[in-house]
file data-v9.txt (compact mmCIF, C-alpha atoms)
# COMPACT_ATOMS: atom_id res chain seq x y z
CA VAL X 1 -133.83 38.64 50.11
CA ALA X 2 -131.32 36.83 52.30
CA GLN X 3 -130.65 39.06 55.29
CA MET X 4 -127.11 39.57 56.53
CA PRO X 5 -126.05 41.54 59.63
CA LEU X 6 -124.17 44.71 58.73
CA GLY X 7 -121.55 46.25 60.98
CA GLY X 8 -119.37 49.31 60.68
CA ALA X 9 -115.64 48.97 61.29
CA GLY X 10 -113.14 51.76 61.64
CA PRO X 11 -113.02 54.46 60.50
CA LEU X 12 -109.88 53.75 58.51
CA GLN X 13 -107.40 56.47 57.50
CA VAL X 14 -106.33 55.90 53.89
CA ASN X 15 -103.53 57.94 52.34
CA GLY X 16 -103.92 56.93 48.72
CA GLU X 17 -103.71 58.50 45.31
CA HIS X 18 -107.48 58.08 44.92
CA ALA X 19 -108.77 57.59 48.48
CA ASP X 20 -107.56 60.23 50.92
CA GLY X 21 -109.32 60.54 54.27
CA GLU X 22 -111.10 58.59 56.99
CA TYR X 23 -113.67 56.01 55.89
CA PRO X 24 -116.19 53.98 57.93
CA ILE X 25 -116.00 50.44 56.54
CA PRO X 26 -119.32 48.55 56.10
CA LEU X 27 -118.92 44.79 56.65
CA ALA X 28 -121.79 42.34 56.10
CA THR X 29 -120.99 39.22 58.12
CA THR X 30 -122.42 36.65 60.52
CA GLU X 31 -119.09 36.48 62.39
CA GLY X 32 -119.36 38.80 65.38
CA THR X 33 -115.64 38.92 66.07
CA LEU X 34 -114.85 40.12 62.55
CA VAL X 35 -115.98 43.73 62.85
CA ALA X 36 -114.20 44.17 66.18
CA SER X 37 -111.01 42.57 64.86
CA TYR X 38 -110.90 44.74 61.75
CA SER X 39 -111.63 47.82 63.85
CA ARG X 40 -108.66 46.98 66.05
CA GLY X 41 -106.40 46.71 63.01
CA MET X 42 -107.76 49.98 61.65
CA LYS X 43 -107.08 51.78 64.92
CA ALA X 44 -103.46 50.55 64.81
CA ILE X 45 -103.15 51.87 61.25
CA ASN X 46 -104.66 55.22 62.27
CA MET X 47 -102.19 55.48 65.15
CA ALA X 48 -99.44 55.21 62.53
CA GLY X 49 -100.96 58.04 60.47
CA GLY X 50 -102.89 55.83 58.05
CA THR X 51 -102.18 53.29 55.35
CA LYS X 52 -100.40 54.25 52.15
CA THR X 53 -102.15 52.68 49.18
CA THR X 54 -101.07 52.36 45.55
CA VAL X 55 -102.94 51.00 42.51
CA VAL X 56 -100.23 49.53 40.26
CA ASP X 57 -102.16 47.94 37.40
CA ASP X 58 -105.70 47.50 36.04
CA ARG X 59 -106.92 44.82 33.65
CA MET X 60 -109.75 42.33 33.16
CA ASN X 61 -109.21 39.20 31.10
CA ARG X 62 -110.85 36.77 28.75
CA ALA X 63 -108.78 33.87 27.39
CA PRO X 64 -110.05 32.22 24.20
CA VAL X 65 -108.36 29.06 22.93
CA PHE X 66 -107.93 28.05 19.28
CA VAL X 67 -107.44 24.37 18.48
CA PHE X 68 -105.36 23.21 15.50
CA GLU X 69 -104.23 19.98 13.86
CA ASP X 70 -100.75 20.30 15.31
CA ALA X 71 -98.34 22.69 17.04
CA ARG X 72 -97.00 24.13 13.77
CA ASN X 73 -100.44 25.27 12.68
CA ALA X 74 -101.02 26.77 16.13
CA ARG X 75 -97.70 28.65 15.86
CA ASP X 76 -98.60 29.99 12.39
CA PHE X 77 -101.90 31.30 13.74
CA ARG X 78 -100.08 32.98 16.62
CA ASP X 79 -97.79 34.72 14.13
CA TRP X 80 -100.79 35.87 12.06
CA VAL X 81 -102.41 37.33 15.19
CA ARG X 82 -99.24 39.32 15.88
CA ASP X 83 -99.42 40.82 12.39
CA HIS X 84 -103.06 41.87 12.84
CA ARG X 85 -103.12 43.17 16.42
CA ASP X 86 -104.27 46.66 15.47
CA THR X 87 -107.34 45.37 13.64
CA ILE X 88 -108.10 42.88 16.41
CA ARG X 89 -107.97 45.72 18.94
CA GLU X 90 -110.28 47.81 16.78
CA LYS X 91 -112.85 45.00 16.49
CA ALA X 92 -112.80 44.39 20.24
CA GLU X 93 -113.14 48.03 21.24
CA GLU X 94 -116.04 48.63 18.81
CA THR X 95 -118.31 46.74 21.23
CA SER X 96 -117.94 49.17 24.13
CA SER X 97 -117.36 52.86 24.82
CA VAL X 98 -115.30 51.88 27.87
CA ALA X 99 -113.31 48.73 27.10
CA GLU X 100 -109.67 49.36 26.18
CA LEU X 101 -107.56 46.43 25.00
CA VAL X 102 -104.12 46.78 26.57
CA GLU X 103 -102.52 43.42 25.80
CA ILE X 104 -102.97 40.06 24.10
CA GLU X 105 -100.89 37.48 25.94
CA GLU X 106 -99.85 34.33 24.07
CA TYR X 107 -99.63 30.90 25.73
CA MET X 108 -98.79 28.04 23.41
CA THR X 109 -99.10 24.39 24.41
CA ASN X 110 -99.54 21.19 22.39
CA ASN X 111 -101.83 22.03 19.45
CA LEU X 112 -103.46 24.95 21.29
CA ALA X 113 -103.06 28.69 20.85
CA ASN X 114 -104.29 30.43 24.02
CA LEU X 115 -104.76 34.20 23.71
CA ARG X 116 -105.38 36.05 26.98
CA PHE X 117 -107.08 39.37 26.16
CA SER X 118 -106.54 42.03 28.84
CA PHE X 119 -108.74 45.14 28.99
CA ARG X 120 -109.27 48.22 31.10
CA THR X 121 -112.98 48.42 31.93
CA GLY X 122 -113.54 51.74 33.69
CA ASP X 123 -115.64 51.58 36.87
CA ALA X 124 -117.21 48.21 36.03
CA ALA X 125 -115.71 44.88 37.07
CA GLY X 126 -116.00 44.09 33.38
CA GLN X 127 -116.26 40.30 33.01
CA ASN X 128 -119.27 40.51 30.69
CA MET X 129 -117.85 43.55 28.93
CA VAL X 130 -114.59 41.82 28.03
CA GLY X 131 -116.41 38.63 27.07
CA LYS X 132 -118.43 40.54 24.47
CA ALA X 133 -115.40 42.43 23.20
CA THR X 134 -113.22 39.33 22.94
CA PHE X 135 -115.99 37.39 21.18
CA ALA X 136 -116.28 40.12 18.52
CA ALA X 137 -112.51 40.08 17.95
CA CYS X 138 -112.43 36.29 17.74
CA ASN X 139 -115.30 36.20 15.25
CA TRP X 140 -113.31 38.51 12.98
CA MET X 141 -110.20 36.35 13.38
CA LEU X 142 -112.08 33.16 12.54
CA GLN X 143 -113.52 34.76 9.40
CA GLU X 144 -110.28 36.30 8.17
CA TYR X 145 -107.59 33.77 9.10
CA PRO X 146 -106.52 31.95 5.91
CA GLY X 147 -105.64 28.70 7.70
CA TYR X 148 -107.86 26.03 9.21
CA VAL X 149 -109.00 26.28 12.83
CA GLU X 150 -110.29 22.94 14.07
CA ASN X 151 -112.12 24.36 17.07
CA PHE X 152 -112.56 27.50 19.14
CA TYR X 153 -113.75 28.25 22.67
CA LEU X 154 -114.29 31.77 23.99
CA GLU X 155 -112.82 30.71 27.35
CA GLY X 156 -110.10 28.11 27.71
CA ASN X 157 -109.80 28.58 31.51
CA LEU X 158 -106.68 30.77 31.41
CA ALA X 159 -108.64 33.84 32.48
CA THR X 160 -109.10 31.82 35.70
CA ASP X 161 -112.47 33.46 36.29
CA LYS X 162 -113.58 33.01 39.93
CA LYS X 163 -110.41 31.01 40.70
CA ALA X 164 -107.10 31.99 42.30
CA SER X 165 -104.06 31.32 40.10
CA LYS X 166 -100.37 32.06 39.67
CA ILE X 167 -101.04 33.73 36.32
CA ASN X 168 -103.18 36.30 38.16
CA ASP X 169 -100.40 36.85 40.68
CA LEU X 170 -97.95 37.58 37.85
CA LYS X 171 -100.09 39.31 35.21
CA THR X 172 -102.97 40.97 37.18
CA ARG X 173 -106.73 40.46 37.03
CA GLY X 174 -108.85 43.39 38.15
CA LYS X 175 -106.82 45.89 40.17
CA ARG X 176 -103.30 45.26 41.47
CA VAL X 177 -103.11 47.31 44.65
CA THR X 178 -100.80 47.54 47.66
CA ALA X 179 -101.57 48.82 51.16
CA GLU X 180 -98.73 49.39 53.64
CA VAL X 181 -98.05 50.85 57.08
CA THR X 182 -95.22 51.18 59.59
CA LEU X 183 -96.29 50.49 63.19
CA SER X 184 -94.22 51.71 66.12
CA GLU X 185 -93.14 49.32 68.85
CA LYS X 186 -95.47 51.18 71.23
CA THR X 187 -98.49 50.61 68.96
CA CYS X 188 -97.69 46.91 68.63
CA LEU X 189 -97.27 46.46 72.39
CA HIS X 190 -99.99 48.67 73.84
CA HIS X 191 -102.71 48.47 71.19
CA LEU X 192 -102.21 45.13 69.43
CA GLY X 193 -100.80 43.46 72.54
CA ALA X 194 -97.96 41.69 70.75
CA GLN X 195 -94.21 42.10 70.49
CA PRO X 196 -93.09 43.34 67.03
CA GLU X 197 -90.49 40.54 67.01
CA SER X 198 -93.24 37.99 67.62
CA ILE X 199 -95.40 39.25 64.75
CA ASP X 200 -92.35 39.29 62.47
CA HIS X 201 -91.34 35.76 63.45
CA HIS X 202 -94.86 34.40 63.00
CA ALA X 203 -95.00 35.99 59.52
CA LYS X 204 -91.87 34.06 58.49
CA ILE X 205 -93.26 30.79 59.84
CA SER X 206 -96.58 31.44 58.10
CA SER X 207 -94.88 32.07 54.75
CA ILE X 208 -92.85 28.85 55.05
CA ASN X 209 -95.98 26.85 55.71
CA ALA X 210 -97.89 28.60 52.92
CA PHE X 211 -95.21 27.32 50.54
CA PHE X 212 -95.19 23.92 52.24
CA GLY X 213 -98.97 23.62 52.00
CA GLY X 214 -99.14 24.70 48.35
CA LEU X 215 -101.24 27.80 49.07
CA THR X 216 -101.79 30.62 46.57
CA SER X 217 -101.39 33.22 49.33
CA ASN X 218 -99.32 33.79 52.45
CA GLY X 219 -101.98 36.05 53.93
CA ALA X 220 -103.76 35.23 57.18
CA HIS X 221 -107.43 35.74 56.22
CA PRO X 222 -107.95 38.32 53.46
CA ALA X 223 -111.15 36.58 52.32
CA ASN X 224 -112.85 37.48 55.61
CA GLY X 225 -112.79 41.23 55.14
CA LEU X 226 -113.21 41.14 51.39
CA ALA X 227 -116.27 38.87 51.51
CA ALA X 228 -117.93 41.11 54.11
CA LEU X 229 -117.06 44.29 52.20
CA PHE X 230 -118.14 42.77 48.86
CA ILE X 231 -121.56 41.73 50.16
CA ALA X 232 -122.11 45.10 51.81
CA CYS X 233 -121.10 47.07 48.71
CA GLY X 234 -122.78 45.06 45.94
CA GLN X 235 -119.75 43.32 44.51
CA ASP X 236 -119.84 39.88 42.86
CA GLU X 237 -119.08 37.85 45.98
CA ALA X 238 -117.67 34.92 43.95
CA ASN X 239 -114.79 37.19 42.94
CA VAL X 240 -113.45 36.75 46.47
CA ALA X 241 -111.98 33.50 45.10
CA GLU X 242 -109.27 35.38 43.19
CA SER X 243 -109.36 38.69 45.06
CA SER X 244 -108.31 37.07 48.35
CA ALA X 245 -105.01 35.73 46.96
CA THR X 246 -102.59 38.17 48.60
CA VAL X 247 -98.87 38.62 49.10
CA THR X 248 -97.99 39.81 52.60
CA ASN X 249 -94.57 41.13 53.62
CA VAL X 250 -93.47 41.92 57.19
CA THR X 251 -90.17 43.67 57.95
CA LEU X 252 -88.82 44.35 61.44
CA LEU X 253 -86.94 47.66 61.29
CA ALA X 254 -83.88 48.76 63.26
CA ASP X 255 -85.92 50.82 65.76
CA ASN X 256 -88.15 47.77 66.44
CA SER X 257 -90.99 49.24 64.41
CA LEU X 258 -92.81 46.97 62.00
CA HIS X 259 -93.43 47.63 58.30
CA VAL X 260 -96.29 45.54 56.93
CA SER X 261 -97.51 45.55 53.33
CA VAL X 262 -100.20 43.59 51.52
CA THR X 263 -100.41 43.34 47.73
CA ILE X 264 -103.63 42.13 46.11
CA PRO X 265 -102.78 41.22 42.49
CA SER X 266 -106.34 40.40 41.41
CA LEU X 267 -108.79 42.62 43.26
CA ILE X 268 -112.01 42.65 41.24
CA VAL X 269 -114.24 45.54 42.30
CA ALA X 270 -116.76 47.90 40.76
CA THR X 271 -118.59 51.10 41.66
CA TYR X 272 -120.91 50.97 38.66
CA GLY X 273 -123.18 48.23 37.33
CA GLY X 274 -124.29 44.90 38.75
CA GLY X 275 -125.14 44.78 42.44
CA THR X 276 -123.80 48.28 43.08
CA SER X 277 -127.20 49.68 42.07
CA LEU X 278 -129.09 47.85 44.85
CA ALA X 279 -130.41 50.22 47.52
CA THR X 280 -128.49 49.03 50.59
CA GLN X 281 -125.34 48.33 48.64
CA ARG X 282 -125.45 51.74 46.99
CA GLU X 283 -125.89 53.28 50.45
CA CYS X 284 -122.78 51.44 51.70
CA LEU X 285 -120.77 52.67 48.71
CA ALA X 286 -122.05 56.18 49.47
CA MET X 287 -120.70 55.84 53.03
CA LEU X 288 -117.30 55.48 51.40
CA ASP X 289 -118.01 58.25 48.87
CA CYS X 290 -117.51 55.58 46.20
CA ASP X 291 -120.95 55.29 44.61
CA GLY X 292 -121.10 55.86 40.87
CA SER X 293 -118.54 56.29 38.13
CA GLY X 294 -115.04 57.61 38.65
CA ASN X 295 -114.52 55.89 42.01
CA VAL X 296 -113.33 52.36 41.33
CA ASN X 297 -109.65 52.96 42.14
CA LYS X 298 -110.69 54.78 45.30
CA PHE X 299 -112.75 51.78 46.35
CA ALA X 300 -109.85 49.46 45.49
CA GLU X 301 -107.53 51.42 47.79
CA ILE X 302 -110.06 51.30 50.63
CA ALA X 303 -110.52 47.56 50.14
CA ALA X 304 -106.76 47.00 50.28
CA GLY X 305 -106.49 49.05 53.46
CA THR X 306 -109.29 46.97 54.97
CA VAL X 307 -107.41 43.75 54.18
CA LEU X 308 -104.26 45.18 55.77
CA ALA X 309 -106.17 45.97 58.98
CA GLY X 310 -107.46 42.42 59.20
CA GLU X 311 -104.02 40.94 58.62
CA LEU X 312 -102.54 43.07 61.41
CA SER X 313 -105.24 42.22 63.93
CA LEU X 314 -105.21 38.47 63.35
CA ALA X 315 -101.40 38.31 63.25
CA ALA X 316 -101.31 40.03 66.63
CA ALA X 317 -104.04 37.77 68.03
CA ILE X 318 -102.15 34.64 67.00
CA SER X 319 -98.82 36.01 68.24
CA SER X 320 -100.26 36.92 71.64
CA SER X 321 -102.47 33.79 71.93
CA ASP X 322 -105.73 35.71 72.43
CA TRP X 323 -107.37 34.48 69.23
CA VAL X 324 -109.68 31.92 70.87
CA THR X 325 -110.66 34.11 73.82
CA SER X 326 -111.65 36.95 71.46
CA HIS X 327 -114.00 34.64 69.57
CA ASP X 328 -115.52 33.44 72.85
CA GLU X 329 -116.14 36.99 74.03
CA LEU X 330 -117.34 38.59 70.79
CA GLY X 331 -118.92 35.83 68.71
CA ARG X 332 -122.61 36.52 67.96
CA ASN X 333 -123.59 32.94 68.78
CA ARG X 334 -122.54 33.35 72.45
call {"tool": "encode", "arguments": {"input": "data-v9.txt", "output": "structure tokens"}}
result
Amino acid sequence: VAQMPLGGAGPLQVNGEHADGEYPIPLATTEGTLVASYSRGMKAINMAGGTKTTVVDDRMNRAPVFVFEDARNARDFRDWVRDHRDTIREKAEETSSVAELVEIEEYMTNNLANLRFSFRTGDAAGQNMVGKATFAACNWMLQEYPGYVENFYLEGNLATDKKASKINDLKTRGKRVTAEVTLSEKTCLHHLGAQPESIDHHAKISSINAFFGGLTSNGAHPANGLAALFIACGQDEANVAESSATVTNVTLLADNSLHVSVTIPSLIVATYGGGTSLATQRECLAMLDCDGSGNVNKFAEIAAGTVLAGELSLAAAISSSDWVTSHDELGRNR
């Protein structure tokens, strides 16, 4: 066992379609400032009545690639797949009582036919589930296709497993969820210690430099909260690689209040299976009333609200120039 300090942030008021109430947020981290910073963001959200959260989409992917002699043969295979989608879906879904094939995306390049299978996977993260289902479908395709397939790989790297990518931003991997809040000028000034105009201006500068630097996200530090929450709650921590790619939007309103929203297009979480069955991790999920089946969208909404809190707190710290002093005062190594 590798021990990790566990702190409780919040509680956080979440006004979601699945999570509705106040939740203490367990964060496993060696960074002492982190829990305090996220708690500050959560208090600001609570002062605004809570964060509104919305799960927009749900899918887990596996992307096999079929190799052909030339582009024409690849195109003909693609057309054959279109004609046999119903049977392909049937073969995939036979492997699981949970997996539901919702789409087969087609990406053609050179002599390759890339098929990105997208499934709903219930309360499991589902990477292994969709791998098994896709493999069964592909085996049927390889046996039944009348043409010649030169080569086949179950994963051609278009599922972008454990990697952030633009295709995830556009097409979803895991849960696509948004958390948003409108903060009054008073809350910004007296709790976060920053002018709303300053936070808004910094957000614009940050987005310009995210584009300039070639980043996959314009968020400040979503990986911080997600990594701590994932470790505490038994998630696959490597999924932070894609889950932390966020889209942040800040709007200064006419009354000088600040609307802030964060969309996570590839949040990969589970409340069943894997590390969620470990004792401490199950206890942390129980703190959120998210242990067991039927709770994955609830957990996704809480995770998104947690990210929003962290974005608010760090944005305010940078805007008011108290970022370094906070680390000096609250870091565990001091």
call {"tool": "closest_residue", "arguments": {"input": "data-v9.txt", "among": "X:Glu185, X:Glu180, X:Glu100, X:Glu242", "to": "Ala309 in chain X", "atoms": "all atoms listed in the file"}}
result
X:Glu180
call {"tool": "closest_residue", "arguments": {"input": "data-v9.txt", "among": "X:Gly32, X:Gly41, X:Gly310, X:Pro222", "to": "Cys188 in chain X", "atoms": "all atoms listed in the file"}}
result
X:Gly41
call {"tool": "closest_residue", "arguments": {"input": "data-v9.txt", "among": "X:Ser206, X:Asn224, X:Ser118, X:Asn128", "to": "Val247 in chain X", "atoms": "only C-alpha atoms"}}
result
X:Ser206
call {"tool": "closest_atom_pairs", "arguments": {"input": "data-v9.txt", "of": "range 40-139 of chain X", "to": "range 189-196 of chain X", "cutoff": "10 Å", "atoms": "all atoms listed in the file", "output": "JSON lines"}}
result
{"residue": "X:Arg40", "atom": "CA", "partner": "X:Leu192", "partner_atom": "CA", "distance": 7.5}
{"residue": "X:Gly41", "atom": "CA", "partner": "X:Leu192", "partner_atom": "CA", "distance": 7.8}
{"residue": "X:Lys43", "atom": "CA", "partner": "X:His191", "partner_atom": "CA", "distance": 8.3}
{"residue": "X:Ala44", "atom": "CA", "partner": "X:His191", "partner_atom": "CA", "distance": 6.8}
{"residue": "X:Met47", "atom": "CA", "partner": "X:His191", "partner_atom": "CA", "distance": 9.3}
call {"tool": "atom_distance", "arguments": {"input": "data-v9.txt", "atom1": "CA of Asn15 in chain X", "atom2": "CA of Ala48 in chain X"}}
result
11.3 Å
call {"tool": "closest_atom_pairs", "arguments": {"input": "data-v9.txt", "of": "range 30-79 of chain X", "to": "range 140-157 of chain X", "cutoff": "7 Å", "atoms": "all atoms listed in the file", "output": "Markdown table"}}
result
| residue | atom | partner | partner_atom | distance |
| --- | --- | --- | --- | --- |
| X:Arg62 | CA | X:Glu155 | CA | 6.5 |
| X:Ala63 | CA | X:Glu155 | CA | 5.1 |
| X:Pro64 | CA | X:Leu154 | CA | 4.3 |
| X:Val65 | CA | X:Gly156 | CA | 5.2 |
| X:Phe66 | CA | X:Phe152 | CA | 4.7 |
| X:Val67 | CA | X:Asn151 | CA | 4.9 |
| X:Phe68 | CA | X:Glu150 | CA | 5.1 |
| X:Glu69 | CA | X:Glu150 | CA | 6.7 |
call {"tool": "closest_residue", "arguments": {"input": "data-v9.txt", "among": "X:Leu253, X:His18, X:Gly7, X:Thr53", "to": "Ala36 in chain X", "atoms": "all atoms listed in the file"}}
result
X:Gly7
call {"tool": "atom_distance", "arguments": {"input": "data-v9.txt", "atom1": "CA of Gly275 in chain X", "atom2": "CA of Met42 in chain X"}}
result
26.4 Å
call {"tool": "residues_near_point", "arguments": {"input": "data-v9.txt", "point": "(-117.5, 45.7, 62.9)", "cutoff": "10 Å", "atoms": "all atoms listed in the file", "output": "list in words"}}
result
Leu6, Gly7, Gly8, Ala9, Gly10, Pro24, Ile25, Pro26, Leu27, Ala28, Thr29, Glu31, Gly32, Thr33, Leu34, Val35, Ala36, Ser37, Tyr38, Ser39, Arg40 and Ala228 of chain X
call {"tool": "closest_residue", "arguments": {"input": "data-v9.txt", "among": "X:Ser313, X:Thr178, X:Ser198, X:Ser261", "to": "Ala300 in chain X", "atoms": "only C-alpha atoms"}}
result
X:Thr178
call {"tool": "closest_residue", "arguments": {"input": "data-v9.txt", "among": "X:Val98, X:Leu229, X:Ala164, X:Ala316", "to": "Leu288 in chain X", "atoms": "all atoms listed in the file"}}
result
X:Leu229
call {"tool": "residues_around", "arguments": {"input": "data-v9.txt", "residues": "Ser165 in chain X", "least_positions_apart": "2", "cutoff": "9 Å", "atoms": "all atoms listed in the file", "output": "list in words"}}
result
Thr160, Lys163, Ile167, Asn168, Asp169, Thr216, Glu242 and Ala245 of chain X
call {"tool": "atom_distance", "arguments": {"input": "data-v9.txt", "atom1": "CA of Lys166 in chain X", "atom2": "CA of Lys132 in chain X"}}
result
25.1 Å
call {"tool": "residues_near_point", "arguments": {"input": "data-v9.txt", "point": "(-99.2, 48.7, 38.1)", "cutoff": "10 Å", "atoms": "all atoms listed in the file", "output": "PyMOL selection string"}}
result
chain X and resi 54-59+171-172+175-178+265
call {"tool": "residues_around", "arguments": {"input": "data-v9.txt", "residues": "Leu308 in chain X", "least_positions_apart": "3", "cutoff": "7 Å", "atoms": "all atoms listed in the file", "output": "list of chain:residue names"}}
result
X:Ala179, X:Val262, X:Ala304, X:Gly305, X:Glu311, X:Leu312
call {"tool": "residues_around", "arguments": {"input": "data-v9.txt", "residues": "Arg78 in chain X", "least_positions_apart": "2", "cutoff": "12 Å", "atoms": "only C-alpha atoms", "output": "PyMOL selection string"}}
result
chain X and resi 65-68+71-76+80-85+104-109+111-115+141+145+147+149
call {"tool": "write_last_selection", "arguments": {"input": "data-v9.txt", "atoms": "C-alpha atoms", "output": "CSV table (one decimal), in the coordinates of the input"}}
result
chain,number,residue,atom,x,y,z
X,65,VAL,CA,-108.4,29.1,22.9
X,66,PHE,CA,-107.9,28.0,19.3
X,67,VAL,CA,-107.4,24.4,18.5
X,68,PHE,CA,-105.4,23.2,15.5
X,71,ALA,CA,-98.3,22.7,17.0
X,72,ARG,CA,-97.0,24.1,13.8
X,73,ASN,CA,-100.4,25.3,12.7
X,74,ALA,CA,-101.0,26.8,16.1
X,75,ARG,CA,-97.7,28.6,15.9
X,76,ASP,CA,-98.6,30.0,12.4
X,80,TRP,CA,-100.8,35.9,12.1
X,81,VAL,CA,-102.4,37.3,15.2
X,82,ARG,CA,-99.2,39.3,15.9
X,83,ASP,CA,-99.4,40.8,12.4
X,84,HIS,CA,-103.1,41.9,12.8
X,85,ARG,CA,-103.1,43.2,16.4
X,104,ILE,CA,-103.0,40.1,24.1
X,105,GLU,CA,-100.9,37.5,25.9
X,106,GLU,CA,-99.8,34.3,24.1
X,107,TYR,CA,-99.6,30.9,25.7
X,108,MET,CA,-98.8,28.0,23.4
X,109,THR,CA,-99.1,24.4,24.4
X,111,ASN,CA,-101.8,22.0,19.4
X,112,LEU,CA,-103.5,25.0,21.3
X,113,ALA,CA,-103.1,28.7,20.8
X,114,ASN,CA,-104.3,30.4,24.0
X,115,LEU,CA,-104.8,34.2,23.7
X,141,MET,CA,-110.2,36.4,13.4
X,145,TYR,CA,-107.6,33.8,9.1
X,147,GLY,CA,-105.6,28.7,7.7
X,149,VAL,CA,-109.0,26.3,12.8
call {"tool": "residues_around", "arguments": {"input": "data-v9.txt", "residues": "Ser277 in chain X", "least_positions_apart": "5", "cutoff": "10 Å", "atoms": "all atoms listed in the file", "output": "mmCIF file with C-alpha atoms, in the coordinates of the input"}}
result
data_model
loop_
_atom_site.group_PDB
_atom_site.id
_atom_site.type_symbol
_atom_site.label_atom_id
_atom_site.label_comp_id
_atom_site.auth_asym_id
_atom_site.auth_seq_id
_atom_site.Cartn_x
_atom_site.Cartn_y
_atom_site.Cartn_z
ATOM 1 C CA CYS X 233 -121.100 47.070 48.710
ATOM 2 C CA GLY X 234 -122.780 45.060 45.940
ATOM 3 C CA THR X 271 -118.590 51.100 41.660
ATOM 4 C CA TYR X 272 -120.910 50.970 38.660
ATOM 5 C CA ARG X 282 -125.450 51.740 46.990
ATOM 6 C CA GLU X 283 -125.890 53.280 50.450
ATOM 7 C CA LEU X 285 -120.770 52.670 48.710
ATOM 8 C CA ASP X 291 -120.950 55.290 44.610
ATOM 9 C CA GLY X 292 -121.100 55.860 40.870
#
call {"tool": "build_atoms", "arguments": {"input": "data-v9.txt", "residues": "range 66-71 of chain X", "atoms": "all heavy atoms", "output": "mmCIF file, in the frame of the given file"}}
result
data_model
loop_
_atom_site.group_PDB
_atom_site.id
_atom_site.type_symbol
_atom_site.label_atom_id
_atom_site.label_comp_id
_atom_site.auth_asym_id
_atom_site.auth_seq_id
_atom_site.Cartn_x
_atom_site.Cartn_y
_atom_site.Cartn_z
ATOM 1 N N PHE X 66 -107.752 28.500 20.659
ATOM 2 C CA PHE X 66 -107.930 28.050 19.280
ATOM 3 C C PHE X 66 -107.224 26.701 19.131
ATOM 4 O O PHE X 66 -106.060 26.559 19.510
ATOM 5 C CB PHE X 66 -107.367 29.071 18.305
ATOM 6 C CG PHE X 66 -108.062 30.407 18.361
ATOM 7 C CD1 PHE X 66 -107.751 31.335 19.351
ATOM 8 C CD2 PHE X 66 -109.028 30.742 17.421
ATOM 9 C CE1 PHE X 66 -108.389 32.570 19.412
ATOM 10 C CE2 PHE X 66 -109.670 31.982 17.469
ATOM 11 C CZ PHE X 66 -109.352 32.892 18.464
ATOM 12 N N VAL X 67 -107.949 25.732 18.583
ATOM 13 C CA VAL X 67 -107.440 24.370 18.480
ATOM 14 C C VAL X 67 -107.065 24.074 17.029
ATOM 15 O O VAL X 67 -107.837 24.365 16.103
ATOM 16 C CB VAL X 67 -108.503 23.360 18.962
ATOM 17 C CG1 VAL X 67 -107.942 21.939 18.970
ATOM 18 C CG2 VAL X 67 -109.015 23.738 20.360
ATOM 19 N N PHE X 68 -105.875 23.478 16.848
ATOM 20 C CA PHE X 68 -105.360 23.210 15.500
ATOM 21 C C PHE X 68 -104.956 21.741 15.361
ATOM 22 O O PHE X 68 -104.924 20.992 16.348
ATOM 23 C CB PHE X 68 -104.162 24.117 15.205
ATOM 24 C CG PHE X 68 -104.529 25.573 15.178
ATOM 25 C CD1 PHE X 68 -104.517 26.333 16.348
ATOM 26 C CD2 PHE X 68 -104.917 26.173 13.996
ATOM 27 C CE1 PHE X 68 -104.873 27.663 16.334
ATOM 28 C CE2 PHE X 68 -105.286 27.521 13.970
ATOM 29 C CZ PHE X 68 -105.265 28.258 15.144
ATOM 30 N N GLU X 69 -104.631 21.364 14.133
ATOM 31 C CA GLU X 69 -104.230 19.980 13.860
ATOM 32 C C GLU X 69 -102.956 19.614 14.604
ATOM 33 O O GLU X 69 -102.815 18.513 15.130
ATOM 34 C CB GLU X 69 -104.047 19.769 12.357
ATOM 35 C CG GLU X 69 -103.637 18.349 11.974
ATOM 36 C CD GLU X 69 -103.398 18.207 10.478
ATOM 37 O OE1 GLU X 69 -103.528 19.203 9.737
ATOM 38 O OE2 GLU X 69 -103.067 17.075 10.065
ATOM 39 N N ASP X 70 -102.025 20.576 14.652
ATOM 40 C CA ASP X 70 -100.750 20.300 15.310
ATOM 41 C C ASP X 70 -100.137 21.628 15.792
ATOM 42 O O ASP X 70 -100.690 22.711 15.575
ATOM 43 C CB ASP X 70 -99.790 19.561 14.373
ATOM 44 C CG ASP X 70 -99.588 20.266 13.038
ATOM 45 O OD1 ASP X 70 -99.630 21.525 13.003
ATOM 46 O OD2 ASP X 70 -99.390 19.592 12.017
ATOM 47 N N ALA X 71 -98.992 21.523 16.446
ATOM 48 C CA ALA X 71 -98.340 22.690 17.040
ATOM 49 C C ALA X 71 -97.878 23.690 15.984
ATOM 50 O O ALA X 71 -97.869 24.900 16.238
ATOM 51 C CB ALA X 71 -97.161 22.248 17.894
#
